[in-house]
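Engineer: What follows is run.tsv, TSV, N, CA and C atoms and all ligand atoms.
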chain	number	residue	atom	x	y	z
V	1	MET	N	60.89	16.54	-85.09
V	1	MET	CA	61.01	15.25	-84.43
V	1	MET	C	59.86	15.02	-83.47
V	2	GLU	N	59.57	16.09	-82.71
V	2	GLU	CA	58.46	16.05	-81.76
V	2	GLU	C	57.15	15.72	-82.48
V	3	THR	N	56.94	16.28	-83.61
V	3	THR	CA	55.71	16.09	-84.38
V	3	THR	C	55.61	14.66	-84.90
V	4	VAL	N	56.75	14.09	-85.30
V	4	VAL	CA	56.75	12.74	-85.81
V	4	VAL	C	56.36	11.76	-84.71
V	5	GLN	N	56.93	11.95	-83.48
V	5	GLN	CA	56.58	11.07	-82.36
V	5	GLN	C	55.11	11.21	-81.98
V	6	GLN	N	54.66	12.46	-82.00
V	6	GLN	CA	53.27	12.69	-81.65
V	6	GLN	C	52.35	12.05	-82.70
V	7	THR	N	52.68	12.11	-83.92
V	7	THR	CA	51.89	11.51	-84.98
V	7	THR	C	51.87	9.99	-84.83
V	8	ARG	N	53.05	9.43	-84.52
V	8	ARG	CA	53.14	7.98	-84.33
V	8	ARG	C	52.29	7.55	-83.13
V	9	ARG	N	52.37	8.32	-82.04
V	9	ARG	CA	51.60	8.01	-80.83
V	9	ARG	C	50.10	8.10	-81.14
V	10	THR	N	49.71	9.12	-81.85
V	10	THR	CA	48.31	9.27	-82.22
V	10	THR	C	47.85	8.11	-83.09
V	11	PHE	N	48.71	7.72	-84.02
V	11	PHE	CA	48.38	6.60	-84.90
V	11	PHE	C	48.18	5.31	-84.12
V	12	ILE	N	49.09	5.01	-83.18
V	12	ILE	CA	49.00	3.79	-82.39
V	12	ILE	C	47.77	3.84	-81.47
V	13	THR	N	47.52	4.98	-80.87
V	13	THR	CA	46.33	5.13	-80.03
V	13	THR	C	45.07	4.90	-80.84
V	14	THR	N	45.05	5.45	-82.03
V	14	THR	CA	43.89	5.28	-82.90
V	14	THR	C	43.74	3.81	-83.29
V	15	LEU	N	44.86	3.16	-83.56
V	15	LEU	CA	44.85	1.76	-83.95
V	15	LEU	C	44.25	0.88	-82.85
V	16	ILE	N	44.48	1.25	-81.61
V	16	ILE	CA	43.94	0.48	-80.48
V	16	ILE	C	42.50	0.90	-80.18
V	17	ALA	N	42.27	2.18	-80.16
V	17	ALA	CA	40.97	2.69	-79.72
V	17	ALA	C	39.86	2.47	-80.76
V	18	LEU	N	40.19	2.54	-82.02
V	18	LEU	CA	39.16	2.44	-83.05
V	18	LEU	C	38.44	1.08	-83.03
V	19	PRO	N	39.16	-0.05	-83.02
V	19	PRO	CA	38.44	-1.33	-82.95
V	19	PRO	C	37.58	-1.47	-81.70
V	20	LEU	N	38.11	-0.97	-80.56
V	20	LEU	CA	37.33	-1.04	-79.32
V	20	LEU	C	36.05	-0.22	-79.44
V	21	ALA	N	36.18	0.96	-80.00
V	21	ALA	CA	35.01	1.81	-80.17
V	21	ALA	C	34.00	1.18	-81.12
V	22	LEU	N	34.50	0.60	-82.21
V	22	LEU	CA	33.59	-0.04	-83.17
V	22	LEU	C	32.89	-1.25	-82.54
V	23	ALA	N	33.63	-2.01	-81.73
V	23	ALA	CA	33.02	-3.16	-81.06
V	23	ALA	C	31.93	-2.70	-80.11
V	24	GLY	N	32.18	-1.62	-79.39
V	24	GLY	CA	31.18	-1.08	-78.48
V	24	GLY	C	29.94	-0.60	-79.22
V	25	ILE	N	30.15	0.10	-80.31
V	25	ILE	CA	29.02	0.58	-81.11
V	25	ILE	C	28.25	-0.59	-81.69
V	26	TRP	N	28.96	-1.60	-82.21
V	26	TRP	CA	28.32	-2.79	-82.79
V	26	TRP	C	27.43	-3.48	-81.75
V	27	ARG	N	27.99	-3.65	-80.56
V	27	ARG	CA	27.24	-4.33	-79.50
V	27	ARG	C	26.01	-3.52	-79.10
V	28	PHE	N	26.13	-2.22	-79.08
V	28	PHE	CA	25.02	-1.37	-78.69
V	28	PHE	C	23.92	-1.36	-79.75
V	29	LEU	N	24.32	-1.38	-81.01
V	29	LEU	CA	23.34	-1.24	-82.09
V	29	LEU	C	22.68	-2.55	-82.50
V	30	THR	N	23.35	-3.68	-82.33
V	30	THR	CA	22.75	-4.94	-82.75
V	30	THR	C	21.81	-5.45	-81.66
V	31	PRO	N	20.64	-5.97	-82.06
V	31	PRO	CA	19.69	-6.47	-81.05
V	31	PRO	C	20.22	-7.70	-80.36
V	32	LYS	N	19.92	-7.81	-79.10
V	32	LYS	CA	20.33	-9.00	-78.36
V	32	LYS	C	19.51	-10.18	-78.88
V	33	ALA	N	20.09	-11.38	-78.74
V	33	ALA	CA	19.37	-12.58	-79.16
V	33	ALA	C	18.07	-12.67	-78.39
V	34	LEU	N	17.00	-12.72	-79.12
V	34	LEU	CA	15.70	-12.77	-78.47
V	34	LEU	C	15.40	-14.19	-78.02
V	35	LYS	N	14.90	-14.30	-76.84
V	35	LYS	CA	14.51	-15.60	-76.33
V	35	LYS	C	13.22	-16.00	-77.02
V	36	LYS	N	13.17	-17.25	-77.44
V	36	LYS	CA	11.96	-17.72	-78.11
V	36	LYS	C	10.80	-17.72	-77.12
V	37	PRO	N	9.59	-17.50	-77.61
V	37	PRO	CA	8.45	-17.44	-76.70
V	37	PRO	C	8.13	-18.81	-76.10
V	38	ALA	N	7.62	-18.78	-74.88
V	38	ALA	CA	7.22	-20.03	-74.21
V	38	ALA	C	5.92	-20.53	-74.84
V	39	LEU	N	5.95	-21.78	-75.30
V	39	LEU	CA	4.75	-22.38	-75.89
V	39	LEU	C	3.97	-23.17	-74.86
V	40	LEU	N	4.69	-23.75	-73.91
V	40	LEU	CA	4.06	-24.60	-72.90
V	40	LEU	C	4.84	-24.50	-71.60
V	41	ARG	N	4.14	-24.67	-70.51
V	41	ARG	CA	4.77	-24.82	-69.20
V	41	ARG	C	4.12	-26.03	-68.56
V	42	VAL	N	4.94	-26.95	-68.09
V	42	VAL	CA	4.39	-28.18	-67.52
V	42	VAL	C	5.27	-28.65	-66.37
V	43	ALA	N	4.64	-29.28	-65.39
V	43	ALA	CA	5.40	-29.85	-64.27
V	43	ALA	C	6.05	-31.14	-64.75
V	44	PRO	N	7.34	-31.32	-64.51
V	44	PRO	CA	8.05	-32.51	-65.00
V	44	PRO	C	7.42	-33.82	-64.54
V	45	HIS	N	6.88	-33.86	-63.31
V	45	HIS	CA	6.32	-35.13	-62.81
V	45	HIS	C	5.07	-35.57	-63.57
V	46	GLU	N	4.48	-34.69	-64.37
V	46	GLU	CA	3.30	-35.05	-65.16
V	46	GLU	C	3.67	-35.90	-66.38
V	47	ILE	N	4.94	-35.90	-66.73
V	47	ILE	CA	5.37	-36.65	-67.92
V	47	ILE	C	5.85	-38.03	-67.47
V	48	PRO	N	5.20	-39.09	-67.95
V	48	PRO	CA	5.60	-40.43	-67.51
V	48	PRO	C	6.98	-40.82	-68.02
V	49	VAL	N	7.74	-41.50	-67.16
V	49	VAL	CA	9.08	-41.96	-67.55
V	49	VAL	C	8.94	-42.96	-68.70
V	50	GLY	N	9.67	-42.73	-69.76
V	50	GLY	CA	9.60	-43.59	-70.94
V	50	GLY	C	8.36	-43.34	-71.78
V	51	GLY	N	7.59	-42.34	-71.41
V	51	GLY	CA	6.36	-42.04	-72.12
V	51	GLY	C	6.37	-40.64	-72.70
V	52	ALA	N	5.19	-40.18	-73.00
V	52	ALA	CA	5.06	-38.86	-73.60
V	52	ALA	C	3.79	-38.20	-73.11
V	53	LEU	N	3.84	-36.91	-73.06
V	53	LEU	CA	2.65	-36.12	-72.77
V	53	LEU	C	2.35	-35.33	-74.05
V	54	VAL	N	1.14	-35.52	-74.56
V	54	VAL	CA	0.78	-34.92	-75.84
V	54	VAL	C	-0.15	-33.74	-75.61
V	55	PHE	N	0.20	-32.64	-76.21
V	55	PHE	CA	-0.63	-31.45	-76.16
V	55	PHE	C	-1.18	-31.27	-77.58
V	56	ARG	N	-2.34	-31.87	-77.78
V	56	ARG	CA	-2.92	-31.97	-79.11
V	56	ARG	C	-3.18	-30.59	-79.72
V	57	GLN	N	-3.73	-29.72	-78.93
V	57	GLN	CA	-4.07	-28.39	-79.46
V	57	GLN	C	-2.82	-27.60	-79.86
V	58	GLU	N	-1.79	-27.73	-79.04
V	58	GLU	CA	-0.54	-27.01	-79.34
V	58	GLU	C	0.31	-27.78	-80.34
V	59	ARG	N	-0.06	-29.05	-80.59
V	59	ARG	CA	0.66	-29.93	-81.51
V	59	ARG	C	2.12	-30.10	-81.07
V	60	ILE	N	2.23	-30.46	-79.78
V	60	ILE	CA	3.55	-30.66	-79.18
V	60	ILE	C	3.49	-31.93	-78.33
V	61	ALA	N	4.55	-32.71	-78.37
V	61	ALA	CA	4.70	-33.86	-77.47
V	61	ALA	C	5.98	-33.67	-76.68
V	62	ILE	N	5.88	-33.95	-75.39
V	62	ILE	CA	7.08	-33.91	-74.54
V	62	ILE	C	7.36	-35.34	-74.11
V	63	MET	N	8.54	-35.82	-74.43
V	63	MET	CA	8.95	-37.18	-74.08
V	63	MET	C	9.90	-37.12	-72.90
V	64	ARG	N	9.89	-38.21	-72.15
V	64	ARG	CA	10.79	-38.29	-71.01
V	64	ARG	C	11.52	-39.62	-71.04
V	65	GLU	N	12.83	-39.56	-70.99
V	65	GLU	CA	13.68	-40.75	-70.88
V	65	GLU	C	14.51	-40.54	-69.62
V	66	GLY	N	14.11	-41.13	-68.53
V	66	GLY	CA	14.80	-40.91	-67.26
V	66	GLY	C	14.63	-39.46	-66.82
V	67	THR	N	15.73	-38.75	-66.78
V	67	THR	CA	15.65	-37.33	-66.40
V	67	THR	C	15.81	-36.40	-67.61
V	68	ASP	N	15.86	-37.00	-68.80
V	68	ASP	CA	15.97	-36.20	-70.01
V	68	ASP	C	14.58	-35.94	-70.60
V	69	TYR	N	14.37	-34.72	-71.00
V	69	TYR	CA	13.09	-34.33	-71.59
V	69	TYR	C	13.35	-33.85	-73.00
V	70	ARG	N	12.44	-34.19	-73.89
V	70	ARG	CA	12.56	-33.80	-75.29
V	70	ARG	C	11.18	-33.36	-75.76
V	71	ALA	N	11.11	-32.24	-76.42
V	71	ALA	CA	9.84	-31.76	-76.95
V	71	ALA	C	9.92	-31.75	-78.47
V	72	LEU	N	8.89	-32.31	-79.08
V	72	LEU	CA	8.83	-32.35	-80.54
V	72	LEU	C	7.57	-31.67	-81.02
V	73	SER	N	7.68	-30.99	-82.11
V	73	SER	CA	6.51	-30.47	-82.78
V	73	SER	C	5.83	-31.65	-83.46
V	74	LEU	N	4.52	-31.71	-83.37
V	74	LEU	CA	3.78	-32.79	-84.02
V	74	LEU	C	3.27	-32.38	-85.39
V	75	VAL	N	3.83	-31.32	-85.92
V	75	VAL	CA	3.47	-30.89	-87.27
V	75	VAL	C	4.30	-31.70	-88.26
V	76	CYS	N	3.65	-32.49	-89.05
V	76	CYS	CA	4.35	-33.34	-90.01
V	76	CYS	C	5.13	-32.47	-90.99
V	77	THR	N	6.34	-32.89	-91.25
V	77	THR	CA	7.21	-32.11	-92.13
V	77	THR	C	6.90	-32.35	-93.60
V	78	HIS	N	5.94	-33.23	-93.89
V	78	HIS	CA	5.55	-33.43	-95.29
V	78	HIS	C	4.60	-32.31	-95.70
V	79	LEU	N	3.37	-32.34	-95.17
V	79	LEU	CA	2.41	-31.30	-95.56
V	79	LEU	C	1.70	-30.67	-94.37
V	80	GLY	N	2.17	-30.94	-93.18
V	80	GLY	CA	1.66	-30.21	-92.02
V	80	GLY	C	0.53	-30.84	-91.25
V	81	CYS	N	0.18	-32.07	-91.48
V	81	CYS	CA	-0.84	-32.72	-90.66
V	81	CYS	C	-0.30	-32.93	-89.25
V	82	THR	N	-1.19	-33.21	-88.33
V	82	THR	CA	-0.77	-33.48	-86.95
V	82	THR	C	-0.44	-34.96	-86.80
V	83	VAL	N	0.76	-35.21	-86.37
V	83	VAL	CA	1.26	-36.57	-86.21
V	83	VAL	C	0.68	-37.18	-84.93
V	84	SER	N	0.34	-38.46	-85.00
V	84	SER	CA	-0.17	-39.18	-83.82
V	84	SER	C	0.99	-39.84	-83.09
V	85	VAL	N	0.92	-39.81	-81.76
V	85	VAL	CA	1.97	-40.42	-80.95
V	85	VAL	C	1.51	-41.79	-80.50
V	86	LEU	N	2.31	-42.79	-80.80
V	86	LEU	CA	2.04	-44.18	-80.42
V	86	LEU	C	3.20	-44.65	-79.54
V	87	PRO	N	3.00	-45.74	-78.80
V	87	PRO	CA	4.10	-46.21	-77.95
V	87	PRO	C	5.39	-46.51	-78.74
V	88	GLU	N	5.26	-46.98	-79.97
V	88	GLU	CA	6.45	-47.36	-80.75
V	88	GLU	C	7.00	-46.22	-81.62
V	89	GLY	N	6.35	-45.10	-81.63
V	89	GLY	CA	6.83	-43.98	-82.43
V	89	GLY	C	5.69	-43.07	-82.81
V	90	MET	N	5.84	-42.41	-83.93
V	90	MET	CA	4.81	-41.48	-84.36
V	90	MET	C	4.46	-41.73	-85.82
V	91	ILE	N	3.19	-41.53	-86.12
V	91	ILE	CA	2.75	-41.77	-87.49
V	91	ILE	C	1.83	-40.63	-87.93
V	92	CYS	N	1.97	-40.26	-89.16
V	92	CYS	CA	1.13	-39.21	-89.70
V	92	CYS	C	-0.10	-39.85	-90.35
V	93	PRO	N	-1.29	-39.45	-89.93
V	93	PRO	CA	-2.50	-40.08	-90.48
V	93	PRO	C	-2.79	-39.67	-91.93
V	94	CYS	N	-2.17	-38.64	-92.41
V	94	CYS	CA	-2.51	-38.15	-93.76
V	94	CYS	C	-1.89	-39.01	-94.85
V	95	HIS	N	-0.59	-39.23	-94.81
V	95	HIS	CA	0.06	-39.99	-95.89
V	95	HIS	C	0.96	-41.08	-95.36
V	96	GLY	N	0.92	-41.31	-94.05
V	96	GLY	CA	1.59	-42.46	-93.48
V	96	GLY	C	3.06	-42.31	-93.13
V	97	SER	N	3.59	-41.12	-93.09
V	97	SER	CA	5.00	-40.98	-92.67
V	97	SER	C	5.15	-41.49	-91.24
V	98	ARG	N	6.26	-42.14	-90.99
V	98	ARG	CA	6.54	-42.66	-89.64
V	98	ARG	C	7.81	-42.02	-89.11
V	99	PHE	N	7.77	-41.74	-87.81
V	99	PHE	CA	8.90	-41.10	-87.14
V	99	PHE	C	9.21	-41.90	-85.88
V	100	ASP	N	10.48	-41.93	-85.49
V	100	ASP	CA	10.82	-42.59	-84.23
V	100	ASP	C	10.62	-41.60	-83.07
V	101	ARG	N	10.93	-42.04	-81.86
V	101	ARG	CA	10.68	-41.20	-80.68
V	101	ARG	C	11.59	-39.97	-80.63
V	102	GLN	N	12.63	-39.95	-81.43
V	102	GLN	CA	13.49	-38.76	-81.52
V	102	GLN	C	13.01	-37.82	-82.62
V	103	GLY	N	12.02	-38.25	-83.38
V	103	GLY	CA	11.49	-37.43	-84.45
V	103	GLY	C	12.12	-37.70	-85.80
V	104	ALA	N	13.05	-38.66	-85.87
V	104	ALA	CA	13.70	-38.97	-87.14
V	104	ALA	C	12.73	-39.73	-88.05
V	105	VAL	N	12.86	-39.51	-89.33
V	105	VAL	CA	11.97	-40.16	-90.31
V	105	VAL	C	12.34	-41.63	-90.43
V	106	LEU	N	11.34	-42.50	-90.27
V	106	LEU	CA	11.53	-43.93	-90.49
V	106	LEU	C	11.07	-44.29	-91.89
V	107	SER	N	9.96	-43.66	-92.31
V	107	SER	CA	9.48	-43.87	-93.68
V	107	SER	C	8.71	-42.64	-94.13
V	108	GLY	N	8.79	-42.35	-95.40
V	108	GLY	CA	8.20	-41.15	-95.98
V	108	GLY	C	6.71	-41.28	-96.21
V	109	PRO	N	6.19	-40.29	-96.90
V	109	PRO	CA	6.86	-39.33	-97.78
V	109	PRO	C	7.60	-38.18	-97.08
V	110	ALA	N	7.43	-37.96	-95.80
V	110	ALA	CA	8.18	-36.88	-95.14
V	110	ALA	C	9.67	-37.17	-95.28
V	111	GLU	N	10.43	-36.13	-95.53
V	111	GLU	CA	11.89	-36.29	-95.71
V	111	GLU	C	12.69	-35.70	-94.56
V	112	ARG	N	12.07	-34.78	-93.84
V	112	ARG	CA	12.77	-34.11	-92.74
V	112	ARG	C	12.22	-34.58	-91.39
V	113	PRO	N	13.07	-34.59	-90.36
V	113	PRO	CA	12.60	-35.00	-89.04
V	113	PRO	C	11.63	-33.99	-88.45
V	114	LEU	N	10.91	-34.41	-87.44
V	114	LEU	CA	10.02	-33.48	-86.74
V	114	LEU	C	10.87	-32.43	-86.06
V	115	GLU	N	10.33	-31.24	-85.96
V	115	GLU	CA	11.09	-30.14	-85.34
V	115	GLU	C	11.26	-30.38	-83.85
V	116	ARG	N	12.47	-30.29	-83.41
V	116	ARG	CA	12.76	-30.43	-81.99
V	116	ARG	C	12.66	-29.04	-81.36
V	117	LEU	N	11.91	-28.96	-80.28
V	117	LEU	CA	11.71	-27.69	-79.60
V	117	LEU	C	12.62	-27.60	-78.38
V	118	GLN	N	12.87	-26.39	-77.99
V	118	GLN	CA	13.77	-26.14	-76.85
V	118	GLN	C	13.03	-26.42	-75.54
V	119	VAL	N	13.64	-27.18	-74.65
V	119	VAL	CA	13.07	-27.44	-73.33
V	119	VAL	C	14.05	-26.94	-72.28
V	120	GLU	N	13.56	-26.16	-71.35
V	120	GLU	CA	14.42	-25.71	-70.27
V	120	GLU	C	13.70	-25.87	-68.94
V	121	VAL	N	14.48	-26.13	-67.92
V	121	VAL	CA	13.91	-26.25	-66.58
V	121	VAL	C	13.94	-24.87	-65.95
V	122	SER	N	12.79	-24.43	-65.51
V	122	SER	CA	12.70	-23.12	-64.87
V	122	SER	C	11.97	-23.32	-63.55
V	123	GLY	N	12.72	-23.33	-62.48
V	123	GLY	CA	12.13	-23.58	-61.16
V	123	GLY	C	11.61	-25.01	-61.10
V	124	ASP	N	10.33	-25.17	-60.84
V	124	ASP	CA	9.77	-26.52	-60.76
V	124	ASP	C	8.90	-26.84	-61.97
V	125	GLU	N	9.20	-26.21	-63.09
V	125	GLU	CA	8.45	-26.51	-64.30
V	125	GLU	C	9.36	-26.56	-65.52
V	126	LEU	N	8.87	-27.27	-66.54
V	126	LEU	CA	9.56	-27.30	-67.82
V	126	LEU	C	8.93	-26.25	-68.71
V	127	VAL	N	9.75	-25.54	-69.41
V	127	VAL	CA	9.25	-24.53	-70.34
V	127	VAL	C	9.67	-24.96	-71.74
V	128	VAL	N	8.70	-25.10	-72.61
V	128	VAL	CA	8.97	-25.46	-74.01
V	128	VAL	C	8.91	-24.18	-74.82
V	129	ARG	N	9.97	-23.98	-75.56
V	129	ARG	CA	10.05	-22.76	-76.40
V	129	ARG	C	10.18	-23.15	-77.85
V	130	GLY	N	9.61	-22.36	-78.68
V	130	GLY	CA	9.72	-22.66	-80.11
V	130	GLY	C	9.72	-21.43	-80.96
U	201	LIG	S1	1.29	-34.69	-94.17
U	201	LIG	FE1	2.24	-36.20	-93.01
U	201	LIG	S2	2.80	-37.66	-94.43
U	201	LIG	FE2	1.87	-36.17	-95.60
As structure tokens, how would this structure be written, given the file I've shared?
Ligand code: FES

Structural biologist:
Amino acid sequence: METVQQTRRTFITTLIALPLALAGIWRFLTPKALKKPALLRVAPHEIPVGGALVFRQERIAIMREGTDYRALSLVCTHLGCTVSVLPEGMICPCHGSRFDRQGAVLSGPAERPLERLQVEVSGDELVVRG
């Protein structure tokens, strides 16, 4: 009888401890989510309200609507040309794809929107990550 209770107790303990141990091992062995590298750092006041700041070499535009900031890759999703930023939206000089200020396709041949990049406020600067 003693052995049966001990076996049952061992079984229940194992049933509780095993998942916890596996979760701990899983957490230890899997890499933590890597933070994307910073592509740009810019002071928010440099971006005009309702406008955009274009970083031609990095092929990134940062738009500002009030206190909201949005960063878009200027790499055209059709064949990779650099998209030009105009007051009314964006246009690709290679084959004429048009995008709105959110990066959505207005007319092709591009079928996918411009890539939206991560923007975070870090102290007194915006950090664009991609
Ligand atoms: S590369 Fe932009 S439309 Fe073709």

Engineer: Using only N, CA and C atoms and all ligand atoms for the distances, tell me which of V:Ala21, V:Leu39, V:Ile16, V:Cys94 is nearest to ligand LIG 201 (chain U).

Structural biologist: V:Cys94

Engineer: Return as a list in words every polymer residue, whether protein, DNA or RNA, with at least one atom no more than 6 Å from an atom of ligand LIG 201 (chain U); count only C-alpha atoms and all ligand atoms.

Structural biologist: Cys76, His78, Leu79, Gly80, Cys81, Cys92, Cys94, His95, Gly96, Ser97, Pro109 and Ala110 of chain V

Engineer: What's the separation between atom C of Gly50 (chain V) and atom C of Val105 (chain V), in Å to one decimal place?

Structural biologist: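 So the two atoms, atom C of Gly50 (chain V) and atom C of Val105 (chain V), lie 19.1 Å apart.
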
Engineer: For a quick check of your reading of the model, name the residues lying within 7 Å of the coordinate (2.4, -28.1, -66.0), counting only N, CA and C atoms, and write them as JSON, numbers by chain.

Structural biologist: {"V": [41, 42, 43, 44, 125, 126]}

Engineer: Quick one, how far is atom N of Ile25 (chain V) from CA of Pro37 (chain V)?

Structural biologist: 28.1 Å

Engineer: Which value, in Å to one decimal, gives the distance between CA of Ser122 (chain V) and CA of Arg101 (chain V)?

Structural biologist: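 Calculated distance between CA of Ser122 (chain V) and CA of Arg101 (chain V) is 24.1 Å.
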
Engineer: Determine, counting all atoms listed in the file, which protein, DNA and RNA residues have an atom within 8 Å of an atom of Arg129 (chain V); residues of the same chain fewer than 2 positions away are not included. Present the result as a list in words.

Structural biologist: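 Near neighbours after the sequence-gap exclusion: Lys35, Lys36, Pro37, Ala38, Leu39, Leu40, Arg41, Ala71, Arg116, Leu117, Gln118, Val119, Glu120, Leu126 and Val127 of chain V.
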
Engineer: Any idea what's packed within 5 Å of Ile60 (chain V), counting only N, CA and C atoms, ignoring anything in its chain fewer than 5 positions away? Could you give it as an MDAnalysis selection string?

Structural biologist: chainID V and resid 54:55 72:74

Engineer: Point out the residue among V:Val75, V:Ile12, V:Met90, V:Leu29 with the least atom-to-atom distance to Met63 (chain V), counting only C-alpha atoms.

Structural biologist: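 Between V:Val75, V:Ile12, V:Met90, V:Leu29, the residue approaching Met63 (chain V) most closely is V:Met90.
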
Engineer: Please identify which residues in chain V DSSP calls alpha helix (DSSP H) from the backbone, and express them as a PyMOL selection string.

Structural biologist: chain V and resi 2-29

Engineer: Could you give me, as number ranges by chain, the residues that have an atom at most 5 Å away from the point (-2.2, -31.1, -83.3) in the coordinates of the file, using all atoms listed in the file?

Structural biologist: V: 56-57, 59, 82

Engineer: So which residues touch Gly103 (chain V) within 6.5 Å, counting only N, CA and C atoms, skipping near sequence neighbours fewer than 2 positions away, as a list in words?

Structural biologist: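 The contact residues come out as Phe99, Asp100, Arg101, Val105, Arg112, Pro113, Leu114 and Glu115 of chain V.
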
Engineer: Just the strand (DSSP E) stuff from region 61-117 of chain V, please, per backbone DSSP, written as a list of chain:residue names.

Structural biologist: V:Ala61, V:Ile62, V:Met63, V:Arg64, V:Glu65, V:Asp68, V:Tyr69, V:Arg70, V:Ala71, V:Leu72, V:Ser73, V:Ser84, V:Val85, V:Leu86, V:Gly89, V:Met90, V:Ile91, V:Arg98, V:Phe99, V:Val105, V:Leu106, V:Ser107, V:Arg116, V:Leu117
